[in-house]
file protein11.pdb (PDB, C-alpha atoms)
ATOM      1  CA  MET Q  21    -100.855 212.965  95.345
ATOM      2  CA  ILE Q  22     -98.859 214.871  92.722
ATOM      3  CA  SER Q  23    -100.460 218.001  91.339
ATOM      4  CA  THR Q  24     -99.219 219.487  88.078
ATOM      5  CA  ARG Q  25     -99.943 223.206  88.204
ATOM      6  CA  SER Q  26     -99.567 225.843  85.557
ATOM      7  CA  THR Q  27     -96.178 224.751  84.307
ATOM      8  CA  ARG Q  28     -94.906 221.433  82.999
ATOM      9  CA  ARG Q  29     -93.204 219.166  85.482
ATOM     10  CA  ARG Q  30     -90.836 216.429  84.360
ATOM     11  CA  PHE Q  31     -90.456 213.084  86.066
ATOM     12  CA  ASP Q  32     -88.054 210.300  85.226
ATOM     13  CA  ALA Q  33     -89.291 207.037  83.755
ATOM     14  CA  ALA Q  34     -89.107 205.127  87.039
ATOM     15  CA  MET Q  35     -91.280 207.713  88.812
ATOM     16  CA  LEU Q  36     -93.784 207.714  85.971
ATOM     17  CA  ALA Q  37     -93.919 203.901  85.987
ATOM     18  CA  ALA Q  38     -94.609 203.908  89.721
ATOM     19  CA  LYS Q  39     -97.351 206.479  89.240
ATOM     20  CA  ALA Q  40     -98.895 204.440  86.407
ATOM     21  CA  ARG Q  41     -99.039 201.387  88.680
ATOM     22  CA  GLU Q  42    -100.988 203.411  91.239
ATOM     23  CA  ILE Q  43    -103.336 204.631  88.515
ATOM     24  CA  ARG Q  44    -103.934 201.026  87.471
ATOM     25  CA  LYS Q  45    -104.870 200.133  91.041
ATOM     26  CA  HIS Q  46    -107.392 202.979  91.097
ATOM     27  CA  ILE Q  47    -108.838 201.726  87.794
ATOM     28  CA  LEU Q  48    -109.393 198.234  89.153
ATOM     29  CA  ARG Q  49    -110.897 199.459  92.415
ATOM     30  CA  GLN Q  50    -113.340 201.685  90.521
ATOM     31  CA  VAL Q  51    -114.608 198.958  88.236
ATOM     32  CA  HIS Q  52    -114.887 196.547  91.156
ATOM     33  CA  ALA Q  53    -116.759 199.114  93.272
ATOM     34  CA  GLY Q  54    -119.180 199.924  90.470
ATOM     35  CA  GLN Q  55    -119.483 196.265  89.423
ATOM     36  CA  SER Q  56    -119.333 197.570  85.864
ATOM     37  CA  GLY Q  57    -116.909 199.263  83.511
ATOM     38  CA  HIS Q  58    -114.072 198.715  81.069
ATOM     39  CA  PRO Q  59    -110.836 197.658  82.784
ATOM     40  CA  GLY Q  60    -108.844 196.227  79.858
ATOM     41  CA  GLY Q  61    -108.501 199.334  77.728
ATOM     42  CA  SER Q  62    -108.170 201.594  80.766
ATOM     43  CA  LEU Q  63    -105.211 199.587  82.059
ATOM     44  CA  GLY Q  64    -103.651 199.573  78.600
ATOM     45  CA  VAL Q  65    -103.566 203.341  78.205
ATOM     46  CA  ALA Q  66    -102.499 204.180  81.766
ATOM     47  CA  ASP Q  67     -98.921 204.896  80.685
ATOM     48  CA  VAL Q  68     -99.930 207.324  77.928
ATOM     49  CA  VAL Q  69    -102.357 209.250  80.154
ATOM     50  CA  THR Q  70     -99.864 209.273  83.042
ATOM     51  CA  ALA Q  71     -97.155 210.696  80.780
ATOM     52  CA  LEU Q  72     -99.479 213.431  79.552
ATOM     53  CA  TYR Q  73    -100.765 214.588  82.930
ATOM     54  CA  TYR Q  74     -97.569 214.215  84.977
ATOM     55  CA  GLY Q  75     -94.939 215.249  82.485
ATOM     56  CA  ILE Q  76     -96.266 216.899  79.334
ATOM     57  CA  MET Q  77     -99.490 218.865  79.687
ATOM     58  CA  ARG Q  78     -99.969 222.261  81.281
ATOM     59  CA  HIS Q  79    -102.926 222.107  83.641
ATOM     60  CA  ASP Q  80    -103.977 223.280  87.085
ATOM     61  CA  PRO Q  81    -106.198 221.115  89.340
ATOM     62  CA  LEU Q  82    -106.950 224.158  91.509
ATOM     63  CA  ASN Q  83    -108.199 226.056  88.455
ATOM     64  CA  PRO Q  84    -109.679 223.505  86.017
ATOM     65  CA  ARG Q  85    -110.807 226.229  83.596
ATOM     66  CA  TRP Q  86    -107.437 227.991  83.494
ATOM     67  CA  PRO Q  87    -107.454 229.544  79.989
ATOM     68  CA  ASP Q  88    -103.865 228.619  79.133
ATOM     69  CA  ARG Q  89    -104.206 224.926  79.987
ATOM     70  CA  ASP Q  90    -103.641 222.159  77.483
ATOM     71  CA  ARG Q  91    -106.778 220.147  76.780
ATOM     72  CA  PHE Q  92    -107.193 216.371  76.884
ATOM     73  CA  VAL Q  93    -110.163 214.593  75.316
ATOM     74  CA  ILE Q  94    -110.657 210.859  75.799
ATOM     75  CA  SER Q  95    -112.439 209.890  72.602
ATOM     76  CA  LYS Q  96    -112.777 206.275  73.767
ATOM     77  CA  GLY Q  97    -115.066 207.477  76.529
ATOM     78  CA  HIS Q  98    -115.834 203.994  77.848
ATOM     79  CA  CYS Q  99    -112.301 203.997  79.292
ATOM     80  CA  SER Q 100    -113.369 206.668  81.761
ATOM     81  CA  PRO Q 101    -111.749 204.842  84.734
ATOM     82  CA  VAL Q 102    -108.281 205.894  83.592
ATOM     83  CA  ILE Q 103    -109.059 209.594  83.292
ATOM     84  CA  TYR Q 104    -111.044 209.614  86.545
ATOM     85  CA  ALA Q 105    -108.124 207.959  88.342
ATOM     86  CA  VAL Q 106    -105.631 210.497  87.003
ATOM     87  CA  LEU Q 107    -107.829 213.518  87.678
ATOM     88  CA  ALA Q 108    -108.517 212.388  91.250
ATOM     89  CA  ASP Q 109    -104.844 211.685  91.896
ATOM     90  CA  CYS Q 110    -103.908 215.116  90.538
ATOM     91  CA  GLY Q 111    -106.399 216.778  92.865
ATOM     92  CA  TYR Q 112    -109.321 217.768  90.647
ATOM     93  CA  PHE Q 113    -111.661 216.002  93.081
ATOM     94  CA  PRO Q 114    -111.212 213.724  96.111
ATOM     95  CA  LEU Q 115    -109.828 210.232  95.606
ATOM     96  CA  GLU Q 116    -112.749 208.970  97.688
ATOM     97  CA  ASP Q 117    -115.072 209.907  94.826
ATOM     98  CA  LEU Q 118    -113.673 207.013  92.811
ATOM     99  CA  GLU Q 119    -115.624 204.647  95.060
ATOM    100  CA  SER Q 120    -118.847 206.058  93.591
ATOM    101  CA  PHE Q 121    -117.992 205.028  90.009
ATOM    102  CA  ARG Q 122    -121.154 204.342  88.011
ATOM    103  CA  ARG Q 123    -123.354 204.691  91.100
ATOM    104  CA  PRO Q 124    -126.673 206.595  90.857
ATOM    105  CA  GLY Q 125    -126.087 210.301  91.450
ATOM    106  CA  SER Q 126    -122.301 210.088  91.100
ATOM    107  CA  HIS Q 127    -120.470 212.563  88.881
ATOM    108  CA  LEU Q 128    -118.289 209.647  87.737
ATOM    109  CA  GLN Q 129    -120.485 207.786  85.297
ATOM    110  CA  GLY Q 130    -119.501 205.211  82.687
ATOM    111  CA  HIS Q 131    -118.847 207.908  80.092
ATOM    112  CA  PRO Q 132    -117.272 211.267  81.003
ATOM    113  CA  CYS Q 133    -119.486 214.326  81.381
ATOM    114  CA  SER Q 134    -117.865 217.754  81.150
ATOM    115  CA  ALA Q 135    -120.815 219.414  82.890
ATOM    116  CA  LYS Q 136    -120.396 217.310  86.037
ATOM    117  CA  THR Q 137    -116.750 216.346  86.478
ATOM    118  CA  PRO Q 138    -113.919 218.861  87.030
ATOM    119  CA  GLY Q 139    -111.132 218.356  84.521
ATOM    120  CA  ILE Q 140    -113.258 216.644  81.861
ATOM    121  CA  GLU Q 141    -113.029 218.778  78.722
ATOM    122  CA  ALA Q 142    -115.660 217.027  76.580
ATOM    123  CA  SER Q 143    -118.503 214.578  77.121
ATOM    124  CA  THR Q 144    -117.663 211.469  75.116
ATOM    125  CA  GLY Q 145    -118.804 207.903  74.634
ATOM    126  CA  THR Q 146    -120.286 207.755  71.152
ATOM    127  CA  LEU Q 147    -117.332 206.436  69.176
ATOM    128  CA  GLY Q 148    -115.715 209.037  66.943
ATOM    129  CA  LEU Q 149    -117.232 211.937  68.861
ATOM    130  CA  GLY Q 150    -114.125 212.778  70.881
ATOM    131  CA  ILE Q 151    -111.689 213.337  68.050
ATOM    132  CA  SER Q 152    -114.317 215.307  66.130
ATOM    133  CA  THR Q 153    -114.956 217.518  69.152
ATOM    134  CA  ALA Q 154    -111.240 217.997  69.784
ATOM    135  CA  ALA Q 155    -110.686 219.030  66.167
ATOM    136  CA  GLY Q 156    -113.328 221.740  66.539
ATOM    137  CA  MET Q 157    -111.784 222.868  69.815
ATOM    138  CA  ALA Q 158    -108.356 222.997  68.190
ATOM    139  CA  LEU Q 159    -109.693 225.148  65.355
ATOM    140  CA  GLY Q 160    -111.129 227.546  67.920
ATOM    141  CA  GLY Q 161    -107.758 227.702  69.640
ATOM    142  CA  LYS Q 162    -106.014 228.398  66.356
ATOM    143  CA  ILE Q 163    -108.429 231.200  65.476
ATOM    144  CA  ARG Q 164    -107.883 232.789  68.886
ATOM    145  CA  GLY Q 165    -104.123 232.470  68.550
ATOM    146  CA  ASP Q 166    -103.823 230.290  71.669
ATOM    147  CA  GLU Q 167    -100.526 228.538  72.292
ATOM    148  CA  HIS Q 168    -101.811 225.463  74.096
ATOM    149  CA  HIS Q 169    -102.267 221.998  72.610
ATOM    150  CA  TYR Q 170    -105.213 219.638  72.282
ATOM    151  CA  TYR Q 171    -104.480 216.000  73.077
ATOM    152  CA  VAL Q 172    -106.860 213.188  72.129
ATOM    153  CA  LEU Q 173    -106.890 209.494  72.998
ATOM    154  CA  CYS Q 174    -108.690 207.316  70.459
ATOM    155  CA  GLY Q 175    -109.421 203.613  70.412
ATOM    156  CA  ASP Q 176    -108.350 201.504  67.466
ATOM    157  CA  GLY Q 177    -111.764 199.843  67.065
ATOM    158  CA  GLU Q 178    -113.205 203.343  67.177
ATOM    159  CA  GLN Q 179    -111.489 204.057  63.872
ATOM    160  CA  GLN Q 180    -113.919 201.760  62.120
ATOM    161  CA  GLU Q 181    -116.311 204.730  62.438
ATOM    162  CA  GLY Q 182    -116.623 207.075  59.462
ATOM    163  CA  GLN Q 183    -116.858 210.108  61.731
ATOM    164  CA  VAL Q 184    -113.187 209.644  62.658
ATOM    165  CA  TRP Q 185    -112.114 210.066  59.056
ATOM    166  CA  GLU Q 186    -114.348 213.095  58.581
ATOM    167  CA  ALA Q 187    -112.498 214.633  61.528
ATOM    168  CA  ALA Q 188    -109.205 213.649  59.907
ATOM    169  CA  MET Q 189    -110.102 215.563  56.740
ATOM    170  CA  PHE Q 190    -111.291 218.554  58.763
ATOM    171  CA  ALA Q 191    -108.072 218.746  60.801
ATOM    172  CA  ASN Q 192    -105.951 218.547  57.664
ATOM    173  CA  LYS Q 193    -107.988 221.234  55.877
ATOM    174  CA  TYR Q 194    -107.535 223.694  58.738
ATOM    175  CA  LYS Q 195    -103.882 222.759  59.387
ATOM    176  CA  LEU Q 196    -104.422 221.972  63.050
ATOM    177  CA  SER Q 197    -100.840 221.482  64.159
ATOM    178  CA  ASN Q 198    -102.036 222.118  67.723
ATOM    179  CA  LEU Q 199    -103.897 218.771  67.640
ATOM    180  CA  ILE Q 200    -101.913 215.739  68.869
ATOM    181  CA  ALA Q 201    -103.781 212.447  69.008
ATOM    182  CA  PHE Q 202    -102.941 208.943  70.192
ATOM    183  CA  THR Q 203    -104.440 205.685  69.028
ATOM    184  CA  ASP Q 204    -104.595 202.957  71.650
ATOM    185  CA  ARG Q 205    -103.490 200.173  69.288
ATOM    186  CA  ASN Q 206    -104.196 197.077  71.377
ATOM    187  CA  ARG Q 207    -105.852 195.286  68.438
ATOM    188  CA  LEU Q 208    -108.795 194.118  70.535
ATOM    189  CA  GLN Q 209    -112.388 195.294  70.763
ATOM    190  CA  THR Q 210    -115.648 193.919  72.142
ATOM    191  CA  ASP Q 211    -116.047 191.333  69.389
ATOM    192  CA  GLY Q 212    -112.410 190.233  69.220
ATOM    193  CA  ASP Q 213    -109.401 191.136  67.080
ATOM    194  CA  THR Q 214    -109.803 194.408  65.180
ATOM    195  CA  GLU Q 215    -108.329 192.839  62.064
ATOM    196  CA  ASP Q 216    -111.063 190.195  62.079
ATOM    197  CA  VAL Q 217    -113.902 192.623  62.808
ATOM    198  CA  MET Q 218    -112.879 195.332  60.315
ATOM    199  CA  PRO Q 219    -109.195 195.521  59.340
ATOM    200  CA  LEU Q 220    -107.406 198.776  60.154
ATOM    201  CA  ASP Q 221    -103.828 198.161  59.057
ATOM    202  CA  PRO Q 222    -101.808 199.936  57.906
ATOM    203  CA  LEU Q 223    -102.909 202.722  60.251
ATOM    204  CA  PRO Q 224     -99.947 205.136  60.036
ATOM    205  CA  GLU Q 225    -100.127 205.104  56.247
ATOM    206  CA  LYS Q 226    -103.862 205.814  56.335
ATOM    207  CA  TRP Q 227    -103.409 208.818  58.608
ATOM    208  CA  ARG Q 228    -100.548 210.134  56.470
ATOM    209  CA  ALA Q 229    -102.777 209.784  53.403
ATOM    210  CA  PHE Q 230    -105.221 212.105  55.174
ATOM    211  CA  GLY Q 231    -102.479 214.710  55.611
ATOM    212  CA  TRP Q 232    -101.438 213.935  59.196
ATOM    213  CA  ASN Q 233     -98.064 213.183  60.700
ATOM    214  CA  SER Q 234     -98.263 209.591  61.893
ATOM    215  CA  TRP Q 235     -95.907 206.933  63.215
ATOM    216  CA  GLU Q 236     -95.857 204.069  65.696
ATOM    217  CA  ILE Q 237     -94.444 203.923  69.219
ATOM    218  CA  ASP Q 238     -94.377 201.584  72.194
ATOM    219  CA  GLY Q 239     -97.310 202.874  74.245
ATOM    220  CA  HIS Q 240     -95.736 201.576  77.460
ATOM    221  CA  ASP Q 241     -92.353 203.258  76.965
ATOM    222  CA  PHE Q 242     -92.258 206.709  78.530
ATOM    223  CA  HIS Q 243     -89.235 207.737  76.479
ATOM    224  CA  ASP Q 244     -91.146 206.887  73.299
ATOM    225  CA  ILE Q 245     -94.220 208.805  74.454
ATOM    226  CA  PHE Q 246     -92.261 211.947  75.360
ATOM    227  CA  ALA Q 247     -90.199 211.819  72.157
ATOM    228  CA  ALA Q 248     -93.334 211.407  70.038
ATOM    229  CA  VAL Q 249     -94.985 214.480  71.544
ATOM    230  CA  GLU Q 250     -91.826 216.557  71.083
ATOM    231  CA  ARG Q 251     -91.605 215.384  67.478
ATOM    232  CA  ALA Q 252     -95.220 216.379  66.898
ATOM    233  CA  LYS Q 253     -94.625 219.838  68.370
ATOM    234  CA  SER Q 254     -91.517 220.382  66.264
ATOM    235  CA  ASP Q 255     -93.411 220.075  62.989
ATOM    236  CA  HIS Q 256     -94.258 223.547  61.753
ATOM    237  CA  GLY Q 257     -95.862 222.462  58.482
ATOM    238  CA  GLY Q 258     -99.377 222.857  59.802
ATOM    239  CA  ARG Q 259    -100.112 219.150  60.140
ATOM    240  CA  PRO Q 260    -102.009 217.463  62.971
ATOM    241  CA  THR Q 261    -100.394 214.336  64.419
ATOM    242  CA  MET Q 262    -101.693 210.829  65.106
ATOM    243  CA  ILE Q 263     -99.348 208.718  67.242
ATOM    244  CA  ILE Q 264    -100.084 204.997  66.973
ATOM    245  CA  ALA Q 265     -99.313 203.685  70.465
ATOM    246  CA  ASN Q 266     -98.919 199.910  70.457
ATOM    247  CA  THR Q 267    -100.294 198.728  73.796
ATOM    248  CA  THR Q 268    -101.371 195.584  75.620
ATOM    249  CA  LYS Q 269    -104.978 195.466  76.730
ATOM    250  CA  GLY Q 270    -105.085 194.790  80.474
ATOM    251  CA  LYS Q 271    -101.441 195.838  80.905
ATOM    252  CA  GLY Q 272     -99.980 195.103  84.331
ATOM    253  CA  VAL Q 273    -102.346 192.292  85.311
ATOM    254  CA  SER Q 274    -101.236 188.885  84.061
ATOM    255  CA  PHE Q 275    -104.659 187.299  83.641
ATOM    256  CA  MET Q 276    -106.105 190.373  81.904
ATOM    257  CA  GLU Q 277    -103.281 191.071  79.452
ATOM    258  CA  GLY Q 278    -104.201 190.516  75.815
ATOM    259  CA  ALA Q 279    -107.647 189.149  76.679
ATOM    260  CA  ALA Q 280    -110.660 190.540  74.829
ATOM    261  CA  SER Q 281    -112.839 189.093  77.590
ATOM    262  CA  TRP Q 282    -111.597 191.880  79.868
ATOM    263  CA  HIS Q 283    -112.801 194.604  77.506
ATOM    264  CA  SER Q 284    -115.599 195.117  80.006
ATOM    265  CA  GLY Q 285    -116.778 193.639  83.270
ATOM    266  CA  PRO Q 286    -115.643 193.830  86.903
ATOM    267  CA  PRO Q 287    -113.111 191.586  88.621
ATOM    268  CA  SER Q 288    -114.328 189.380  91.440
ATOM    269  CA  ASP Q 289    -113.087 189.972  94.973
ATOM    270  CA  ALA Q 290    -110.397 187.316  94.486
ATOM    271  CA  GLU Q 291    -109.389 188.653  91.071
ATOM    272  CA  LEU Q 292    -109.136 192.189  92.440
ATOM    273  CA  ALA Q 293    -106.908 191.020  95.291
ATOM    274  CA  ARG Q 294    -104.674 189.108  92.907
ATOM    275  CA  ALA Q 295    -104.413 192.023  90.473
ATOM    276  CA  LEU Q 296    -103.578 194.552  93.185
ATOM    277  CA  ASP Q 297    -100.938 192.183  94.564
ATOM    278  CA  GLU Q 298     -99.332 191.828  91.137
ATOM    279  CA  LEU Q 299     -99.213 195.590  90.678
ATOM    280  CA  SER Q 300     -97.766 196.087  94.157
ATOM    281  CA  HIS Q 301     -94.921 193.705  93.422
ATOM    282  CA  ALA Q 302     -94.247 194.699  89.819
TER     283      ALA Q 302
END
call {"tool": "encode", "arguments": {"input": "protein11.pdb", "output": "structure tokens"}}
result
Amino acid sequence: MISTRSTRRRFDAAMLAAKAREIRKHILRQVHAGQSGHPGGSLGVADVVTALYYGIMRHDPLNPRWPDRDRFVISKGHCSPVIYAVLADCGYFPLEDLESFRRPGSHLQGHPCSAKTPGIEASTGTLGLGISTAAGMALGGKIRGDEHHYYVLCGDGEQQEGQVWEAAMFANKYKLSNLIAFTDRNRLQTDGDTEDVMPLDPLPEKWRAFGWNSWEIDGHDFHDIFAAVERAKSDHGGRPTMIIANTTKGKGVSFMEGAASWHSGPPSDAELARALDELSHA
């Protein structure tokens, strides 16, 4: 277990990649244990969330409500397995709790609940709710004069919701430069390709039209992720930032990669064993 306390800790790319592989194993075990959940998107964003919690954000597992912490909101709340895996590995709660994923009475339900789970900043699940909530939180931070940042992880299919663009206008109006968001751009959602369901391209241009900084990165390249966050922080023009992270749904597991069928649903015993073996030998 690696715990990131009140100051940022930097790890090289190889260490972060190794950590992300462990997080992916935890994701798969959770969904298998609960016989329900969303493995594809969770696996795809493991690198982004790993980079944030192990190298970028200020947070303290021993004091989850530490006032000076950075905040992370997972707007695509159905990908709760990835944030639960990271929080448990950091020490917010025991790793053994992951075995109770989606079980009756567990604090680790399908969508995150801030009232029940240490380290969860906002209850999310309804698409568009997370980025809207984070924008309000960021405005509060700005009014108070806080120096921390608010990080948000959005889905790409989620951006077919009008509430996302209302939040975009709000964040631009109030010049929320303390708000740094990522889009998990895997181009797949429950019903298939996002561009067939409701086209989103060109996403960076749309966000820039709403007054945000926005550009694309490789969502599996730790150097890209770190550089994007530093670039966002260096802008002093009062603009929020949306980083379009191009990812592969199901990343790290050959038979899940790029498959919309793995948007949700548990692996079988044999599939779990195969996936864990692939990750162990990656």
call {"tool": "atom_distance", "arguments": {"input": "protein11.pdb", "atom1": "CA of Met262 in chain Q", "atom2": "CA of Glu181 in chain Q"}}
result
16.1 Å
call {"tool": "closest_residue", "arguments": {"input": "protein11.pdb", "among": "Q:Arg207, Q:His240, Q:His46, Q:Arg228", "to": "Asp117 in chain Q", "atoms": "all atoms listed in the file"}}
result
Q:His46
call {"tool": "closest_residue", "arguments": {"input": "protein11.pdb", "among": "Q:Ala252, Q:Ala191, Q:Ala37, Q:Val172", "to": "Leu159 in chain Q", "atoms": "only C-alpha atoms"}}
result
Q:Ala191
call {"tool": "closest_residue", "arguments": {"input": "protein11.pdb", "among": "Q:Arg123, Q:Lys271, Q:Lys162, Q:His256", "to": "Ile43 in chain Q", "atoms": "all atoms listed in the file"}}
result
Q:Lys271
call {"tool": "closest_residue", "arguments": {"input": "protein11.pdb", "among": "Q:Ala201, Q:Gln183, Q:Asp166, Q:Leu220", "to": "Ser234 in chain Q", "atoms": "all atoms listed in the file"}}
result
Q:Ala201
call {"tool": "closest_residue", "arguments": {"input": "protein11.pdb", "among": "Q:Gly150, Q:Gly54, Q:Pro84, Q:Gly60", "to": "Gly270 in chain Q", "atoms": "only C-alpha atoms"}}
result
Q:Gly60
call {"tool": "decode", "arguments": {"input": "protein11.pdb", "residues": "range 218-230 of chain Q", "atoms": "C-alpha atoms", "output": "PDB file, in the first residue's frame"}}
result
ATOM      1  CA  MET Q 218     -25.094  10.961 -30.540  1.00  0.00           C
ATOM      2  CA  PRO Q 219     -21.957  12.412 -32.156  1.00  0.00           C
ATOM      3  CA  LEU Q 220     -19.626  14.348 -29.859  1.00  0.00           C
ATOM      4  CA  ASP Q 221     -16.724  15.322 -32.099  1.00  0.00           C
ATOM      5  CA  PRO Q 222     -15.013  17.693 -32.155  1.00  0.00           C
ATOM      6  CA  LEU Q 223     -14.923  17.726 -28.352  1.00  0.00           C
ATOM      7  CA  PRO Q 224     -11.942  20.025 -27.664  1.00  0.00           C
ATOM      8  CA  GLU Q 225     -13.386  22.676 -29.960  1.00  0.00           C
ATOM      9  CA  LYS Q 226     -16.762  22.460 -28.223  1.00  0.00           C
ATOM     10  CA  TRP Q 227     -15.219  22.957 -24.793  1.00  0.00           C
ATOM     11  CA  ARG Q 228     -13.107  25.864 -26.050  1.00  0.00           C
ATOM     12  CA  ALA Q 229     -16.263  27.435 -27.493  1.00  0.00           C
ATOM     13  CA  PHE Q 230     -17.676  27.333 -23.958  1.00  0.00           C
TER      14      PHE Q 230
END
